[in-house]
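Undergrad: A single structure is presented below for examination.
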Amino acid sequence: MKRDPIYGMMAEFDTAQGLLDAARKTYQSGYRKIDAYSPFPIEGLAEEIGFHHNRVPLVVLIGGIVGGCLGYWMQWWMSAVDYPLNIGGKPPHSWPAFIVITFEMTILFAGLSAVLGMLALNGLPMPYHPVFNVSRFAMASKDRFFLIVFSSDPKYNAQETRSFLETLQARSISEVPS
Amino acid sequence: MIAPAIQIDLSPPPIVKTLAQRLMIAGIALAIVAIAFAFWRPDEFYRGYLLAFMDWLGVALGSMAIIMIRHLTGGGWGVVIRRIQGAAMRTLPVLTVLFIPIIIAVAQGRVYPWAMPLSSITDDHIREHLTKHSFVKADYLNLHGFIIRAIIYFAIWNVLSFLLTKWSHEGDSPSAPDNTQRFKAVSGPGLTLYALTISFAAIDWVMSLDPTWISTIFGLIILIGELLSAICFAVFVESILYRYKPMSELLKPDFVHDHGKWMLTFTMVWAYFSFSQWLIIWAGNLPSEITFYLKRLNGGWGWIGLILALLGFAVPFAILLSRPFKRNIRKLVWLAIWILCIRWLDLLWIIEPNFSATLRITLADIVVTAAVGCLWLGFYFRNLASLPLLPAYDASASEVLEPTHG
């Protein structure tokens with residue numbers, strides 16, 4: 001697949017509120033493939049760019065269930081199949097004794113799934129990302145706020161998108177080469 | 001002094017007063033039936049009364065504990081239900097009076113085996129135990145000790161409630177002093193005192209139904225049950241108020257989400273404590289401890305245990321994992337009501353198998369719970385109607401009255 005030479009159009013804002021307002025207007029005017037960058041989390045920003053759900057909770061749930069089943073199976077296999085011992089006269093397969101480890105394995109796997117799932121769904125580690133082609137973007141980790149409209153958006157048009165972003169009182173607007 | 005950012009009428013909607021009147025009338029009507037039970041079948045009445053009292057006391061004390069937790073941690077979730085929980089806390093004087101029938105039961109030698117003459121204890125195991133260890137009755141489990149300890153518990157609870165209410169009420173007037181530090185100074189020791197007093201009260205009022213049995217985690221199981229009852233009750237009341245102003249403007253999904261998280265937390269801790277008790281006793285399998293579960297897992301009582309594990313923990317736990325569910329008050333309230341029913345069933349499962357080897361839920365259990373409940377709710381809604389739904393000039397009010405960013 002041939003890569004589009006232009007990754008998108010990026011607008012820079014001075015304040016979190018500026019970015020929030022711009023994100024809302026951009027989404028309302030029909031752009032869907034957009035993203036926002038800020039030095040700190042901004043409440044409500046994800047909703048403004050139309051990002052309502054992420055799949056991390058599902059990954060965590062599946063990880064937890066797998067961990068729980070694995071934990072129980074492991075104990076059952078060790079205590080009842082591979083090396084049965086008489087402990088207090090109780091049957092080798094005594095479920096109450098297995099619950100604690102099952103619970104811990106659930107938490108362990110859910111926790112690991114959360115970290116690894118988050119990294120995987122974010123596409124991390126990512127050695128190259130086009131947004132860094134704009135030198136001002138380095139300020140996104142300091143005190144500037146950025147909004148980008150991707151060139152893959154059906155409504156994207158170099159001139160129109162630029163003039164639209166200009167109406168949002170952006171501090172600067174740059175085309176991002178990919 | 002901080003002026004409220006939004007000027008809105010914070011007085012409770014008229015429905016609160018209507019509910020107070022109707023529930024009070026229903027409560028009086030049911031109380032007459034309950035009193036009839038007291039003469040007709042006194043033993044069943046007093047057992048049911050203990051169950052009802054522990055159930056509704058839990059809502060009041062749990063509310064007080066959550067208020068104190070919020071004073072220490074802060075957070076808008078707690079500000080928005082401060083007065084909802086405060087009204088429950090302020091029923092403690094009424095609950096103090098409602099404790100009198102339990103003292104009557106002890107004085108008449110009913111319900112509690114240690115209050116009866118040794119010869120009339122039906123359970124051989126308990127009779128032998130009390131005969132062998134005579135100090136149990138001589139030094140601790142006797143009428144005077146029971147009354148003196150109850151006075152101490154209720155005194156501590158009422159003083160805490162009085163102080164928290166007094167300073168909260170000061171926040172209603174524009175000249176309010178900043179009471180944040182006072183609240184903190186009382187809440188830290190207050191929570192410690194609550195944990196200690198409810199543990200001893202749980203031993204006195206519930207665990208002593210079987211004086212042979214010991215569990216060191218029992219007080220905590222009662223404590224966490226009270227917190228769970230209280231947050232579910234707050235969700236129930238906020239869902240009623242949410243239909244009217246001003247709560248419809250104050251209660252944001254973020255706050256409801258936090259209440260849902262508390263429900264999940266307390267459900268998990270309750271299950272954790274209950275399971276820990278079961279695991280330790282099951283593993284030890286000692287005659288002095290395992291009898292508790294032998295009574296509660298045989299003769300049909302095991303079905304209640306299964307309902308508690310599945311419908312009290314597993315199902316609510318799975319439902320509460322959902323983020324959209326926790327943020328929607330209209331859905332969350334149904335689970336809150338369900339958990340309030342489970343709280344009653346849990347207390348029933350703890351209390352009633354002491355009296356019957358086979359599964360038996362008497363009419364008195366239900367009628368007395370409803371009677372005490374309606375009376376309590378009547379006082380509760382009367383309290384709720386008496387103060388604004390937020391202390392508008394309290395330092396914490398801005399967390400609810402101001403928008404999150406602006």
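Within each chain, counting starts at residue 1; across the structure tokens, chains are named A, B, ... in the order shown, with ligands numbered 1 upward in that order.
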Please tabulate, as JSON lines, the residues of chain B that come within 12 Å of chain A, each with its closest pair of atoms and the distance in Å to one decimal, counting only C-alpha atoms and ordering rows by chain, then residue number upward.
TA:
{"residue": "B:Asp254", "atom": "CA", "partner": "A:Glu43", "partner_atom": "CA", "distance": 11.2}
{"residue": "B:Met268", "atom": "CA", "partner": "A:Phe103", "partner_atom": "CA", "distance": 11.7}
{"residue": "B:Tyr272", "atom": "CA", "partner": "A:Val100", "partner_atom": "CA", "distance": 9.8}
{"residue": "B:Phe275", "atom": "CA", "partner": "A:Pro96", "partner_atom": "CA", "distance": 8.8}
{"residue": "B:Ser276", "atom": "CA", "partner": "A:Val100", "partner_atom": "CA", "distance": 9.3}
{"residue": "B:Gln277", "atom": "CA", "partner": "A:Pro96", "partner_atom": "CA", "distance": 11.4}
{"residue": "B:Trp278", "atom": "CA", "partner": "A:Pro96", "partner_atom": "CA", "distance": 8.6}
{"residue": "B:Leu279", "atom": "CA", "partner": "A:Pro96", "partner_atom": "CA", "distance": 6.3}
{"residue": "B:Ile280", "atom": "CA", "partner": "A:Ala97", "partner_atom": "CA", "distance": 9.5}
{"residue": "B:Ile281", "atom": "CA", "partner": "A:Pro96", "partner_atom": "CA", "distance": 10.9}
{"residue": "B:Trp282", "atom": "CA", "partner": "A:Pro96", "partner_atom": "CA", "distance": 8.1}
{"residue": "B:Ala283", "atom": "CA", "partner": "A:Ala97", "partner_atom": "CA", "distance": 7.8}
{"residue": "B:Gly284", "atom": "CA", "partner": "A:Gly88", "partner_atom": "CA", "distance": 8.3}
{"residue": "B:Asn285", "atom": "CA", "partner": "A:Gly88", "partner_atom": "CA", "distance": 8.6}
{"residue": "B:Leu286", "atom": "CA", "partner": "A:Gly88", "partner_atom": "CA", "distance": 11.1}
{"residue": "B:Ala318", "atom": "CA", "partner": "A:Leu61", "partner_atom": "CA", "distance": 10.4}
{"residue": "B:Leu321", "atom": "CA", "partner": "A:Leu61", "partner_atom": "CA", "distance": 9.2}
{"residue": "B:Ser322", "atom": "CA", "partner": "A:Pro57", "partner_atom": "CA", "distance": 9.2}
{"residue": "B:Arg323", "atom": "CA", "partner": "A:Pro57", "partner_atom": "CA", "distance": 9.4}
{"residue": "B:Pro324", "atom": "CA", "partner": "A:His53", "partner_atom": "CA", "distance": 10.4}
{"residue": "B:Pro403", "atom": "CA", "partner": "A:Glu43", "partner_atom": "CA", "distance": 11.7}
{"residue": "B:Thr404", "atom": "CA", "partner": "A:Glu43", "partner_atom": "CA", "distance": 8.4}
{"residue": "B:His405", "atom": "CA", "partner": "A:Glu43", "partner_atom": "CA", "distance": 8.2}
{"residue": "B:Gly406", "atom": "CA", "partner": "A:Gln17", "partner_atom": "CA", "distance": 8.0}
Undergrad: Keeping N, CA and C atoms, export the residues of the selection given above as a short mmCIF file (atom, residue, chain, number, x, y, z; two decimals), in the first residue's frame.
TA:
data_model
loop_
_atom_site.label_atom_id
_atom_site.label_comp_id
_atom_site.auth_asym_id
_atom_site.auth_seq_id
_atom_site.Cartn_x
_atom_site.Cartn_y
_atom_site.Cartn_z
N ASP B 254 -20.26 11.44 37.09
CA ASP B 254 -19.00 11.13 37.77
C ASP B 254 -19.24 10.75 39.23
N MET B 268 -17.04 -6.41 47.53
CA MET B 268 -15.85 -7.28 47.50
C MET B 268 -15.28 -7.48 48.89
N TYR B 272 -14.89 -10.84 50.88
CA TYR B 272 -13.55 -11.21 51.32
C TYR B 272 -13.53 -11.57 52.80
N PHE B 275 -15.62 -14.76 53.34
CA PHE B 275 -14.91 -15.95 52.87
C PHE B 275 -13.73 -16.27 53.77
N SER B 276 -13.01 -15.24 54.23
CA SER B 276 -11.87 -15.47 55.12
C SER B 276 -12.30 -16.22 56.37
N GLN B 277 -13.42 -15.77 56.95
CA GLN B 277 -13.93 -16.44 58.15
C GLN B 277 -14.21 -17.92 57.85
N TRP B 278 -14.88 -18.15 56.72
CA TRP B 278 -15.23 -19.52 56.32
C TRP B 278 -13.97 -20.34 56.06
N LEU B 279 -12.99 -19.78 55.34
CA LEU B 279 -11.79 -20.53 54.97
C LEU B 279 -11.01 -20.95 56.21
N ILE B 280 -10.84 -19.99 57.15
CA ILE B 280 -10.04 -20.28 58.35
C ILE B 280 -10.73 -21.34 59.20
N ILE B 281 -12.05 -21.18 59.37
CA ILE B 281 -12.78 -22.15 60.20
C ILE B 281 -12.84 -23.51 59.51
N TRP B 282 -13.04 -23.51 58.20
CA TRP B 282 -13.08 -24.76 57.44
C TRP B 282 -11.74 -25.48 57.51
N ALA B 283 -10.63 -24.71 57.38
CA ALA B 283 -9.31 -25.32 57.39
C ALA B 283 -8.99 -25.89 58.78
N GLY B 284 -9.36 -25.12 59.83
CA GLY B 284 -9.08 -25.60 61.19
C GLY B 284 -9.97 -26.76 61.57
N ASN B 285 -11.25 -26.67 61.19
CA ASN B 285 -12.22 -27.74 61.43
C ASN B 285 -12.30 -28.12 62.91
N LEU B 286 -12.26 -27.11 63.80
CA LEU B 286 -12.31 -27.37 65.24
C LEU B 286 -13.75 -27.37 65.73
N ALA B 318 -20.10 -9.03 39.12
CA ALA B 318 -19.97 -9.03 37.66
C ALA B 318 -20.67 -7.81 37.05
N LEU B 321 -18.81 -4.47 37.46
CA LEU B 321 -17.60 -4.25 36.69
C LEU B 321 -17.86 -3.29 35.52
N SER B 322 -19.13 -3.21 35.10
CA SER B 322 -19.46 -2.39 33.92
C SER B 322 -19.43 -0.91 34.25
N ARG B 323 -18.65 -0.17 33.49
CA ARG B 323 -18.55 1.29 33.71
C ARG B 323 -19.85 2.02 33.37
N PRO B 324 -20.49 1.75 32.21
CA PRO B 324 -21.75 2.45 31.92
C PRO B 324 -22.83 2.19 32.97
N PRO B 403 -18.59 24.06 38.28
CA PRO B 403 -18.29 23.11 37.21
C PRO B 403 -16.83 22.67 37.29
N THR B 404 -16.53 21.46 36.76
CA THR B 404 -15.20 20.87 36.92
C THR B 404 -14.10 21.74 36.30
N HIS B 405 -14.34 22.32 35.14
CA HIS B 405 -13.35 23.25 34.58
C HIS B 405 -14.09 24.37 33.89
N GLY B 406 -13.59 25.58 34.05
CA GLY B 406 -14.30 26.70 33.44
C GLY B 406 -13.42 27.92 33.38
#
Undergrad: Extract, using only C-alpha atoms, all DNA, RNA and protein residues at most 7 Å from region 133-149 of chain A, discarding same-chain residues fewer than 4 positions from it, and format them as a ChimeraX atom specification.
TA: /A:8-16,19,33-39,176-177
Undergrad: Extract, using only C-alpha atoms, all DNA, RNA and protein residues at most 9 Å from region 6-17 of chain B, discarding same-chain residues fewer than 3 positions from it, and format them as a list in words.
TA: Ala3, Ala20, Gln21, Arg22, Ile240, Leu241, Tyr244, Lys245, Pro246, Met247, Phe381, Arg382, Leu384, Ala385, Ser386, Leu387, Pro388, Leu389, Leu390, Pro391, Ala392, Leu401 and Glu402 of chain B
Undergrad: Give me a file of those residues, with C-alpha atoms, as a PDB file, in the first residue's frame.
TA:
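In the end it all went to result23.pdb:
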ATOM      1  CA  ALA B   3     -19.625  32.134  48.117  1.00  0.00           C
ATOM      2  CA  ALA B  20     -42.006  11.120  55.613  1.00  0.00           C
ATOM      3  CA  GLN B  21     -45.730  11.359  56.423  1.00  0.00           C
ATOM      4  CA  ARG B  22     -46.806   8.280  54.469  1.00  0.00           C
ATOM      5  CA  ILE B 240     -35.553   9.537  44.224  1.00  0.00           C
ATOM      6  CA  LEU B 241     -34.177  13.063  44.630  1.00  0.00           C
ATOM      7  CA  TYR B 244     -36.510  16.757  41.209  1.00  0.00           C
ATOM      8  CA  LYS B 245     -34.555  19.960  41.522  1.00  0.00           C
ATOM      9  CA  PRO B 246     -31.958  20.653  42.872  1.00  0.00           C
ATOM     10  CA  MET B 247     -30.513  17.118  42.835  1.00  0.00           C
ATOM     11  CA  PHE B 381     -37.226  11.539  55.456  1.00  0.00           C
ATOM     12  CA  ARG B 382     -38.321  13.968  58.185  1.00  0.00           C
ATOM     13  CA  LEU B 384     -33.894  14.916  55.197  1.00  0.00           C
ATOM     14  CA  ALA B 385     -36.627  17.523  54.802  1.00  0.00           C
ATOM     15  CA  SER B 386     -35.353  19.603  57.709  1.00  0.00           C
ATOM     16  CA  LEU B 387     -32.067  20.811  56.157  1.00  0.00           C
ATOM     17  CA  PRO B 388     -30.979  21.977  52.681  1.00  0.00           C
ATOM     18  CA  LEU B 389     -29.551  19.203  50.463  1.00  0.00           C
ATOM     19  CA  LEU B 390     -26.107  20.805  50.629  1.00  0.00           C
ATOM     20  CA  PRO B 391     -24.350  23.030  53.154  1.00  0.00           C
ATOM     21  CA  ALA B 392     -23.944  25.822  50.572  1.00  0.00           C
ATOM     22  CA  LEU B 401     -21.595  23.621  42.990  1.00  0.00           C
ATOM     23  CA  GLU B 402     -18.774  24.654  40.639  1.00  0.00           C
TER      24      GLU B 402
END
Undergrad: Can you work out which one of A:Phe40, A:Ile173, A:Gly67, A:Pro130 has the shortest atom-to-atom distance to Glu104 (chain A), counting only C-alpha atoms?
TA: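 Once distances to Glu104 (chain A) are computed over only C-alpha atoms, the minimum belongs to A:Gly67.
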Undergrad: What separation in Å, quoted to one decimal, exists between CA of Ile361 (chain B) and CA of Pro287 (chain B)?
TA: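 One can read the CA of Ile361 (chain B) to CA of Pro287 (chain B) distance as 26.8 Å.
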Undergrad: Could you pull out all residues of chain A with a DSSP call of helix (DSSP H, G or I) and give them as a ChimeraX atom specification?
TA: /A:16-28,45-48,56-82,95-121,130-133,135-141,158-166
Undergrad: Just how far from CA of Leu377 (chain B) is CA of Asp258 (chain B), in Å to one decimal?
TA: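 Atom-to-atom, CA of Asp258 (chain B) to CA of Leu377 (chain B), that is 24.6 Å.
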Undergrad: Distance CA of Asn298 (chain B)-CA of Leu359 (chain B), one decimal place?
TA: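 One can read the CA of Asn298 (chain B) to CA of Leu359 (chain B) distance as 8.6 Å.
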Undergrad: As a PyMOL selection string, please: the residues near Leu196 (chain B) (cut-off 10 Å, only C-alpha atoms, same-chain neighbours under 4 positions excluded).
TA: chain B and resi 153+190-192+200-202+219-220+223
Undergrad: Next, write the just-selected residues to a file, as a compact mmCIF listing (two decimals), in the first residue's frame, keeping C-alpha atoms as the atom set.
TA:
# COMPACT_ATOMS: atom_id res chain seq x y z
CA TYR B 153 -21.77 2.47 72.33
CA GLY B 190 -14.30 8.77 65.17
CA LEU B 191 -13.67 6.05 62.59
CA THR B 192 -11.40 4.21 65.03
CA PHE B 200 -17.98 -5.00 70.57
CA ALA B 201 -21.63 -4.33 69.76
CA ALA B 202 -21.57 -7.13 67.17
CA GLY B 219 -17.06 -7.53 64.01
CA LEU B 220 -15.51 -6.53 60.71
CA LEU B 223 -18.96 -3.33 59.99
Undergrad: Nearest residue to Ala371 (chain B) out of B:Ala36, B:Ile100, B:Met89, B:Leu143, using only C-alpha atoms?
TA: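 Closest to Ala371 (chain B) of all the choices is B:Ala36.
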Undergrad: Based on DSSP run over this structure's backbone, return all residues of chain A in strand (DSSP E), as a short mmCIF file (atom, residue, chain, number, x, y, z; two decimals) with N, CA and C atoms, in the first residue's frame.
TA:
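What follows is the written file selection14.cif:
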data_model
loop_
_atom_site.label_atom_id
_atom_site.label_comp_id
_atom_site.auth_asym_id
_atom_site.auth_seq_id
_atom_site.Cartn_x
_atom_site.Cartn_y
_atom_site.Cartn_z
N ILE A 6 1.21 13.08 2.95
CA ILE A 6 0.79 13.99 4.01
C ILE A 6 0.08 13.19 5.10
N TYR A 7 0.50 13.35 6.35
CA TYR A 7 -0.11 12.61 7.45
C TYR A 7 -1.36 13.31 7.97
N GLY A 8 -1.33 14.65 7.97
CA GLY A 8 -2.50 15.39 8.44
C GLY A 8 -2.18 16.86 8.62
N MET A 9 -3.16 17.59 9.18
CA MET A 9 -3.00 19.02 9.41
C MET A 9 -3.07 19.26 10.92
N MET A 10 -2.05 19.97 11.45
CA MET A 10 -1.95 20.12 12.89
C MET A 10 -2.12 21.57 13.31
N ALA A 11 -2.93 21.78 14.35
CA ALA A 11 -3.13 23.13 14.88
C ALA A 11 -2.63 23.18 16.31
N GLU A 12 -2.06 24.34 16.67
CA GLU A 12 -1.45 24.49 17.99
C GLU A 12 -2.26 25.48 18.82
N PHE A 13 -2.47 25.18 20.09
CA PHE A 13 -3.26 26.06 20.97
C PHE A 13 -2.49 26.37 22.24
N ILE A 34 -9.60 12.39 13.97
CA ILE A 34 -8.85 13.48 14.58
C ILE A 34 -8.22 12.98 15.87
N ASP A 35 -7.22 13.70 16.34
CA ASP A 35 -6.59 13.32 17.61
C ASP A 35 -6.10 14.59 18.29
N ALA A 36 -5.88 14.50 19.60
CA ALA A 36 -5.45 15.67 20.35
C ALA A 36 -4.29 15.28 21.26
N TYR A 37 -3.39 16.24 21.48
CA TYR A 37 -2.20 15.98 22.31
C TYR A 37 -2.09 17.10 23.33
N PHE A 145 -0.83 22.80 23.31
CA PHE A 145 -1.89 21.82 23.08
C PHE A 145 -2.11 21.67 21.58
N PHE A 146 -2.18 20.46 21.08
CA PHE A 146 -2.24 20.23 19.63
C PHE A 146 -3.46 19.42 19.25
N LEU A 147 -3.97 19.79 18.07
CA LEU A 147 -5.09 19.05 17.49
C LEU A 147 -4.68 18.67 16.08
N ILE A 148 -4.93 17.42 15.68
CA ILE A 148 -4.56 17.02 14.32
C ILE A 148 -5.76 16.42 13.62
N VAL A 149 -5.92 16.77 12.34
CA VAL A 149 -6.92 16.13 11.49
C VAL A 149 -6.13 15.25 10.52
N PHE A 150 -6.38 13.95 10.54
CA PHE A 150 -5.60 13.04 9.71
C PHE A 150 -6.03 13.14 8.26
N SER A 172 -0.72 28.30 15.63
CA SER A 172 -0.02 28.02 14.38
C SER A 172 -0.67 26.80 13.75
N ILE A 173 -0.51 26.67 12.43
CA ILE A 173 -1.07 25.51 11.72
C ILE A 173 0.02 24.96 10.82
N SER A 174 0.25 23.67 10.90
CA SER A 174 1.28 23.08 10.05
C SER A 174 0.78 21.81 9.40
N GLU A 175 1.24 21.58 8.18
CA GLU A 175 0.95 20.32 7.50
C GLU A 175 1.99 19.31 7.98
N VAL A 176 1.52 18.10 8.29
CA VAL A 176 2.44 17.10 8.84
C VAL A 176 2.82 16.11 7.75
N PRO A 177 4.09 16.09 7.34
CA PRO A 177 4.49 15.06 6.35
C PRO A 177 4.61 13.70 7.03
#
Undergrad: Please identify all polymer residues within 9 Å of Leu61 (chain B), counting only C-alpha atoms, omitting same-chain residues fewer than 3 positions from it, and present them as a PDB file with N, CA and C atoms, in the first residue's frame.
TA:
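Saved the output as selection_27.pdb:
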ATOM      1  N   TRP B  56     -31.426  -1.948  60.174  1.00  0.00           N
ATOM      2  CA  TRP B  56     -31.596  -0.493  59.997  1.00  0.00           C
ATOM      3  C   TRP B  56     -30.536   0.294  60.727  1.00  0.00           C
ATOM      4  N   LEU B  57     -30.052  -0.234  61.861  1.00  0.00           N
ATOM      5  CA  LEU B  57     -28.928   0.419  62.540  1.00  0.00           C
ATOM      6  C   LEU B  57     -27.725   0.495  61.598  1.00  0.00           C
ATOM      7  N   GLY B  58     -27.559  -0.561  60.796  1.00  0.00           N
ATOM      8  CA  GLY B  58     -26.437  -0.603  59.863  1.00  0.00           C
ATOM      9  C   GLY B  58     -26.454   0.559  58.885  1.00  0.00           C
ATOM     10  N   MET B  64     -22.817   7.249  58.853  1.00  0.00           N
ATOM     11  CA  MET B  64     -21.924   8.085  59.657  1.00  0.00           C
ATOM     12  C   MET B  64     -20.464   7.780  59.306  1.00  0.00           C
ATOM     13  N   ALA B  65     -20.148   6.505  59.133  1.00  0.00           N
ATOM     14  CA  ALA B  65     -18.764   6.129  58.813  1.00  0.00           C
ATOM     15  C   ALA B  65     -18.355   6.683  57.449  1.00  0.00           C
ATOM     16  N   ILE B  66     -19.252   6.615  56.465  1.00  0.00           N
ATOM     17  CA  ILE B  66     -18.890   7.112  55.134  1.00  0.00           C
ATOM     18  C   ILE B  66     -18.726   8.636  55.168  1.00  0.00           C
ATOM     19  N   ALA B  88     -29.544  10.078  57.674  1.00  0.00           N
ATOM     20  CA  ALA B  88     -29.543   8.714  58.220  1.00  0.00           C
ATOM     21  C   ALA B  88     -28.800   8.682  59.548  1.00  0.00           C
ATOM     22  N   MET B  89     -27.686   9.407  59.605  1.00  0.00           N
ATOM     23  CA  MET B  89     -26.901   9.470  60.843  1.00  0.00           C
ATOM     24  C   MET B  89     -27.725  10.091  61.971  1.00  0.00           C
ATOM     25  N   LEU B  92     -29.881   8.314  64.781  1.00  0.00           N
ATOM     26  CA  LEU B  92     -29.283   7.549  65.892  1.00  0.00           C
ATOM     27  C   LEU B  92     -30.015   7.748  67.230  1.00  0.00           C
ATOM     28  N   TRP B 157     -21.679   6.996  69.622  1.00  0.00           N
ATOM     29  CA  TRP B 157     -22.275   7.219  68.298  1.00  0.00           C
ATOM     30  C   TRP B 157     -23.057   8.521  68.268  1.00  0.00           C
ATOM     31  N   TYR B 194     -15.614   4.017  65.956  1.00  0.00           N
ATOM     32  CA  TYR B 194     -16.707   3.280  65.313  1.00  0.00           C
ATOM     33  C   TYR B 194     -16.322   1.816  65.109  1.00  0.00           C
ATOM     34  N   ILE B 198     -18.456  -0.929  67.111  1.00  0.00           N
ATOM     35  CA  ILE B 198     -19.345  -1.832  66.358  1.00  0.00           C
ATOM     36  C   ILE B 198     -18.857  -3.273  66.515  1.00  0.00           C
ATOM     37  N   LEU B 223     -19.349  -4.693  60.353  1.00  0.00           N
ATOM     38  CA  LEU B 223     -18.960  -3.326  59.990  1.00  0.00           C
ATOM     39  C   LEU B 223     -19.060  -3.098  58.482  1.00  0.00           C
ATOM     40  N   GLU B 226     -22.483  -2.875  57.185  1.00  0.00           N
ATOM     41  CA  GLU B 226     -23.133  -1.586  57.452  1.00  0.00           C
ATOM     42  C   GLU B 226     -22.729  -0.547  56.408  1.00  0.00           C
ATOM     43  N   LEU B 227     -21.442  -0.528  56.052  1.00  0.00           N
ATOM     44  CA  LEU B 227     -20.993   0.421  55.035  1.00  0.00           C
ATOM     45  C   LEU B 227     -21.671   0.121  53.697  1.00  0.00           C
ATOM     46  N   ALA B 230     -25.191   1.276  53.802  1.00  0.00           N
ATOM     47  CA  ALA B 230     -25.291   2.739  53.780  1.00  0.00           C
ATOM     48  C   ALA B 230     -25.100   3.301  52.380  1.00  0.00           C
TER      49      ALA B 230
END
